[in-house]
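To keep things clear, I will list the structure first and then write my remarks on it.
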Amino acid sequence: MSLKHKVAILLYLAIMPIYCQEVSSNRLAPYLKGIKEMVDNHSFLSQETLLENHARSKGEHRVDACLDLFIHYIFKSTELAKKYNDEAYRLATDLGYDRGFLRASLNQAFISFVHGEFDNALDIINQVESDDKCTLFGKIEADSETLRSYIYTERGEYDLAYETALNLLEKGEGLNDRYCLMRAYSAISHFYLRMGDYQKALDNCLKGLGYILELKEARFIFPKVDEIARMTHKLEGSKKAREIYDFYLELESSADAPGNYIQSAVYMNIAAIYLEESELEKAAEFLDRAMVLIDSNNYRFRKPRAHVLMAALSLHKGDSLSAIIEYNKAYQAAKKIKAFDVIKEVSKSLSTINMSMGNTEEALHFSNLHLSLKDSLFTIESEQRLRILEASRRISQISRQKEILELKSKSQEERYRFLTIILAILLVSGFFATLSYFKVKRKNKLLYYRTRELAVEKLGQKKKFAIGKENRPNGQIAKPIPSKDYLDEDIKEIILTKLNRLEEEAFFLDTKCNLRSLANLLQTNQKYLSQVINHEKKSNFNNYINGLRINHLLNRLLEDKEYRKNKLSYIATSSGFNNLNTFYSAFKKRLGILPSYFIDKLNKEDL
């Protein structure tokens with residue numbers, strides 16, 4: 001290998017950890033932002049409100065109120081949580097309230113779990129799940145299986161824990177049940193955390209957190225932040241973990257405190273960080289706080305790990321004797337709750353310390369114990385089962401991805417087919433639209449030339465008429481051809497003569513012109529005027545007036561180039577129309593084209 005390649009590899013190895021940390025940090029940012037927004041916007045019911053609801057409720061509502069109080073107290077005081085849960089259990093049993101009964105039963109299992117009574121918790125879970133009505137309540141079933149997986153994990157039965165969590169995950173995926181998926185990812189994350197695969201633990205934790213934020217399940221937020229901090233500590237070191245715990249404390253100040261159950265775990269994890277940084281006094285302070293909470297609340301399953309941390313603290317201080325005492329306490333605490341993984345870990349540490357202190361007999365005892373647990377048939381089988389389960393999960397994921405790809409491919413084919421049809425329709429429509437456009441354009445062009453010719457012809461006739469009128473004595477107007485009698489001939493002639501004179505004076509340019517005002521102007525009644533217009537002008541009043549206006553406008557447009565430059569609104573009102581709509585309608589009705597088109601063509605011809 002050349003020196004150039006070696007340098008490149010060394011640079012890669014140096015840069016990648018930093019890059020990965022930045023990627024991981026950036027990855028957490030949107031989740032932490034989502035948590036902050038949810039906590040800020042979430043309405044946490046106060047203890048007083050919950051107690052008031054409990055006091056005034058009856059029947060099933062009282063059962064639900066008791067269950068709400070259980071959720072409120074379970075991480076604060078298991079004694080009070082148990083009190084209200086027992087009440088819920090009794091009431092639900094008496095009322096035959098199935099959901100309340102099953103939920104209260106599962107709560108009893110959780111209380112047993114936090115007290116380290118794993119066998120009792122599993123017995124209750126089995127009873128809950130054997131009830132035929134449990135399948136009717138998806139959330140209870142999901143919580144039950146999640147708790148089962150937690151228990152298997154704490155007991156070191158990792159194969160069973162993982163299998164349970166995977167079954168729950170596959171169920172959630174099959175039903176597209178977001179709550180079920182949220183709980184499944186929580187169980188898988190817990191499993192990988194205890195297995196020491198912190199990257200997979202964090203990946204699954206964040207998947208579950210995504211559903212927590214989506215479903216707004218605020219009660220799970222504080223445990224999740226603690227888990228993220230623990231995993232980040234292992235993956236990125238203590239500095240980043242302390243930042244997340246600072247975020248945790250900020251959340252705690254803006255919302256209801258999570259309680260002793262979560263707080264005891266947080267104190268232990270913070271102590272582990274201080275141990276790593278060799279700040280032994282602070283580590284001891286947080287461990288003491290954790291032990292007080294664990295002992296006062298009887299969190300038995302947390303005792304083994306707390307004593308392991310105490311032993312590590314003693315070793316940092318160089319006190320091997322105290323370390324042995326703490327490891328022995330951890331061993332006894334783990335033995336009581338059958339936490340085999342902790343027993344295996346502690347027995348190895350006790351063997352090493354006793355050997356260094358010359359306690360050969362004790363060292364041999366714990367060494368044999370460690371080896372028997374490590375090489376036991378159960379451990380070998382469990383490791384094999386874990387490999388099989390992980391392989392099965394990968395195969396399942398590949399199959400699911402294949403199905404998704406096939407569905408996407410099919411969907412794309414259908415989309416392409418649909419788009420092809422749409423494109424064909426658009427092309428055909430476009431073709432006919434183009435034909436229609438050119439047809440309309442040709443028609444408009446013909447109408448324009450016809451209109452222009454007629455307008456020019458009328459303008460010429462008007463000029464000739466004006467000259468003829470000047471040549472007639474006294475400006476007499478030629479009498480119209482007599483028509484059928486519908487009105488006295490003299491009255492008709494008087495009205496018609498006056499009307500023609502008013503036409504010359506362009507009375508119709510008044511926007512307020514109507515039948516009544518014109519009749520008043522002619523000093524006749526509306527009926528006579530209407531009859532004259534209908535018979536002599538061959539039109540009703542509105543069409544007659546609009547026709548005069550359009551003819552007047554055409555003449556002006558032909559003769560006055562400057563007038564064409566005005567806005568259509570001005571041209572409309574100057575022609576006697578009240579508004580543009582009426583103007584457009586009258587022009588189009590009479591000539592078949594729009595005024596804007598006519599004016600535009602006139603202007604182009606003059607260029």
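Ordering of the structure tokens sets the chain letters (A, B, ...), residue numbers begin anew at 1 in every chain, and ligands are numbered from 1 in the order given.
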Contacts of range 493-504 of chain A within 8 Å, only C-alpha atoms, excl. fewer than 4 positions in-chain, as an NGL selection string
:A and (477 or 489 or 508 or 522 or 524 or 529 or 532 or 548)
Kindly export the residues of the current selection with C-alpha atoms, as a compact mmCIF listing (two decimals), in the first residue's frame.
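Writing the result to part-v1.txt gives the following:
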# COMPACT_ATOMS: atom_id res chain seq x y z
CA ILE A 477 -87.10 65.76 -43.22
CA GLU A 489 -100.92 59.31 -38.18
CA PHE A 508 -78.70 58.46 -26.25
CA LEU A 522 -90.75 64.35 -26.41
CA THR A 524 -95.67 62.29 -25.09
CA LEU A 529 -93.28 56.30 -27.75
CA VAL A 532 -93.40 54.20 -32.50
CA LEU A 548 -77.74 54.09 -31.58
